[in-house]
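Q: Sharing a structure with you now.
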Amino acid sequence: MAQHWTHQGGGWLPPPAPRPGVVPLRPLGPGEILGGALTALRRYGGRLLGALLLGQLGALLGTLLLIAAAAGAAALASPTRTAGSRAFVHALVPATALFLLVGWALAGALAAALLQPAVLGRRVTALGLLRAALPRTPAVLGAHLLGLLAAAGPAGAALAAGLPPLAALPLAPVALWLGVLFALAPTAAGYEGLGPVAALRRSAGLVRGAWWRTLGVTVPAGALTVGAAYALQQWFGILGALLAPALLLTFPQLSAGLLYADRRLRREHPAGPLSAEPLITGRP
């Protein structure tokens, strides 16, 4: 490895880590992770947004077909004229919830699909991102839901049992601990092709020993996203209101993806800077 002379301390130092993409190929600091996510959004935001919109358009068409089928089946099965209207209303809420969940999971799968091109500085297209992300979306959704269930389940069970909210308050630290422990599960599911349970185990293994570091990245990323989404709506009106949900869906996932890459570099490649190709291999 080529070396260079430095006058700071007077000695030979290894060259800086290569940076073909949005971050250097070495363990990252929290500021580099957030800055890399912003750079990825600036470089690939248009293609990422295009892929997300195409995927959501398909999900919307599927949702509308599902609602129409439910209303039509109810109208045929019942002699009353209002049966179809009631079925439409009853199907609207779960279908809308399913649409929102699919959009949430698709954003996570797209962020995972963008991880290697962003880190290695490769070109991608919206259709290429969408083709890579769609098969992984169900696993990402499962990882999201299992992580949410694990974090909020104990408190939810306490409230469902009739306990007052104050009685469930001591469970809040447990929920926070589990939420951070499983924060990398959607990225692991989308990037490595793991099932939801395996993705939670993978996240726990990567976060173990770096819980506070993970919290120190995820919380600022969430706060920065909320602030930027609010500013978009205030500054750009209707256009900002359309862009804000996409930002809320994608930026935290991009930050989690770079944090995932950092954890893999630290835990699985401790010898120093890595060449471009072995950084992200798809499976550990």
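Convention: chains lettered A, B, ... in structure tokens order; per-chain residue numbering from 1; ligands numbered from 1 as shown.
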I'd like the neighbourhood of A:Pro186 as a ChimeraX atom specification, where a residue qualifies if any of its atoms comes within 10 Å (using only C-alpha atoms), though same-chain residues fewer than 4 positions away should be ignored.
A: /A:105,108-109,111-112,136-137,139-147,182,190-192,194-196,199-200,203,253,256-257
Q: Tell me which of A:Gly58, A:Gly205, A:Pro135, A:Pro252 sits closest to A:Val226, counting only C-alpha atoms.
A: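 Using only C-alpha atoms, the shortest distance to A:Val226 belongs to A:Pro252.
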Q: Rounded to one decimal place, report the atom CA of A:Ala198-atom CA of A:Gly179 distance in Å.
A: 15.9 Å
Q: Please indicate the distance in Å from atom CA of A:Val124 to atom CA of A:Leu206, rounded to one decimal place.
A: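 If I compute the distance from atom CA of A:Val124 to atom CA of A:Leu206, I get 27.5 Å.
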Q: Here is a test: counting only C-alpha atoms, which residue of A:Gly128, A:Pro117, A:Gly45, A:Pro220 is nearest to A:Ala246?
A: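 Smallest distance to A:Ala246 is found for A:Gly45.
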Q: For a test of reading the model, state the distance in Å between atom CA of A:Leu98 and atom CA of A:Leu243, rounded to one decimal.
A: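 Taking atom CA of A:Leu98 and atom CA of A:Leu243, their separation equals 20.8 Å.
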Q: Residues within 9 Å of A:Thr214, please, as an MDAnalysis selection string. Count only C-alpha atoms; anything in the same chain fewer than 3 positions from it doesn't count.
A: chainID A and resid 30 180:181 183 207 210:211 217:219 256 259
Q: Report as a ChimeraX atom specification all protein, DNA and RNA residues lying within 10 Å of A:Arg19, evaluated on only C-alpha atoms, omitting residues in the same chain fewer than 4 positions from it.
A: /A:23-26,119-121,276
Q: With a distance cut-off of 12 Å and only C-alpha atoms, select the neighbouring residues of A:Arg43, excluding the residue or stretch itself and same-chain residues fewer than 4 positions from it, and output the selection as a PyMOL selection string.
A: chain A and resi 21-22+36-39+47-49+114+117-119+121-125
Q: Could those selected residues go to a file with C-alpha atoms, as a PDB file, in the first residue's frame?
A:
```
ATOM      1  CA  GLY A  21     -19.314   6.913  -3.802  1.00  0.00           C
ATOM      2  CA  VAL A  22     -21.072   8.925  -1.121  1.00  0.00           C
ATOM      3  CA  GLY A  36     -23.486  10.449   3.109  1.00  0.00           C
ATOM      4  CA  ALA A  37     -27.239   9.969   3.260  1.00  0.00           C
ATOM      5  CA  LEU A  38     -27.734  13.607   2.205  1.00  0.00           C
ATOM      6  CA  THR A  39     -25.245  13.140  -0.630  1.00  0.00           C
ATOM      7  CA  ARG A  47     -34.246   8.086  -9.542  1.00  0.00           C
ATOM      8  CA  LEU A  48     -35.189   7.009  -6.040  1.00  0.00           C
ATOM      9  CA  LEU A  49     -38.304   9.172  -6.131  1.00  0.00           C
ATOM     10  CA  LEU A 114     -29.457   1.722  -3.616  1.00  0.00           C
ATOM     11  CA  PRO A 117     -24.456   1.702  -5.973  1.00  0.00           C
ATOM     12  CA  ALA A 118     -24.336   4.701  -3.620  1.00  0.00           C
ATOM     13  CA  VAL A 119     -21.325   3.401  -1.674  1.00  0.00           C
ATOM     14  CA  GLY A 121     -20.432   5.257  -6.975  1.00  0.00           C
ATOM     15  CA  ARG A 122     -22.279   3.212  -9.577  1.00  0.00           C
ATOM     16  CA  ARG A 123     -25.007   4.416 -11.893  1.00  0.00           C
ATOM     17  CA  VAL A 124     -28.571   3.191 -11.464  1.00  0.00           C
ATOM     18  CA  THR A 125     -31.929   3.793 -13.082  1.00  0.00           C
TER      19      THR A 125
END
```
Q: Can you tell me, as a JSON list (two decimals) with all heavy atoms, in the first residue's frame, what residues are no more than 9 Å from A:Leu54 when counting only C-alpha atoms, ignoring any on the same chain fewer than 6 positions away?
A:
```
[["chain", "number", "residue", "atom", "x", "y", "z"],
["A", 126, "ALA", "N", -34.17, 4.30, -12.34],
["A", 126, "ALA", "CA", -35.36, 4.10, -11.51],
["A", 126, "ALA", "C", -35.94, 2.71, -11.71],
["A", 126, "ALA", "O", -36.31, 2.03, -10.74],
["A", 126, "ALA", "CB", -36.40, 5.18, -11.84],
["A", 127, "LEU", "N", -36.01, 2.27, -12.95],
["A", 127, "LEU", "CA", -36.56, 0.93, -13.21],
["A", 127, "LEU", "C", -35.66, -0.16, -12.65],
["A", 127, "LEU", "O", -36.14, -1.18, -12.14],
["A", 127, "LEU", "CB", -36.75, 0.73, -14.72],
["A", 127, "LEU", "CG", -37.90, 1.52, -15.35],
["A", 127, "LEU", "CD1", -37.94, 1.28, -16.86],
["A", 127, "LEU", "CD2", -39.23, 1.13, -14.72],
["A", 130, "LEU", "N", -36.29, -0.31, -8.97],
["A", 130, "LEU", "CA", -37.60, -0.91, -8.69],
["A", 130, "LEU", "C", -37.56, -2.42, -8.90],
["A", 130, "LEU", "O", -38.12, -3.18, -8.09],
["A", 130, "LEU", "CB", -38.66, -0.27, -9.58],
["A", 130, "LEU", "CG", -40.11, -0.63, -9.27],
["A", 130, "LEU", "CD1", -40.48, -0.23, -7.85],
["A", 130, "LEU", "CD2", -41.04, 0.03, -10.28]]
```
Q: Between A:Phe251, A:Tyr44, A:Trp104, A:Phe236, which has the minimum distance to A:Ala223 (counting only C-alpha atoms)?
A: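 So, comparing all the options, the nearest one is A:Phe251.
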Q: Of the residues A:Leu65, A:Gln233, A:Gly216, A:Thr225, which is the one nearest to A:Gly29, using only C-alpha atoms?
A: A:Gly216
Q: Show me, as a compact mmCIF listing (two decimals) with C-alpha atoms, in the first residue's frame, the residues that have an atom within 8 Å of stretch 148-155 of chain A when counting only C-alpha atoms, minus same-chain residues fewer than 3 positions from it.
A:
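What landed in out.txt:
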```txt
# COMPACT_ATOMS: atom_id res chain seq x y z
CA HIS A 144 -40.62 -3.56 9.94
CA LEU A 145 -43.73 -5.09 11.50
CA ALA A 158 -50.26 -3.84 29.17
CA LEU A 159 -52.68 -1.22 27.85
CA ALA A 168 -47.03 1.01 31.18
CA LEU A 169 -44.57 3.92 31.30
CA LEU A 171 -41.83 -0.29 29.65
CA ALA A 172 -40.80 2.72 27.53
CA VAL A 174 -37.53 -1.49 26.97
CA ALA A 175 -39.36 -0.36 23.85
CA LEU A 176 -36.58 2.12 23.03
CA TRP A 177 -33.88 -0.49 23.59
CA LEU A 178 -35.59 -3.03 21.34
CA GLY A 179 -36.42 -0.43 18.69
```
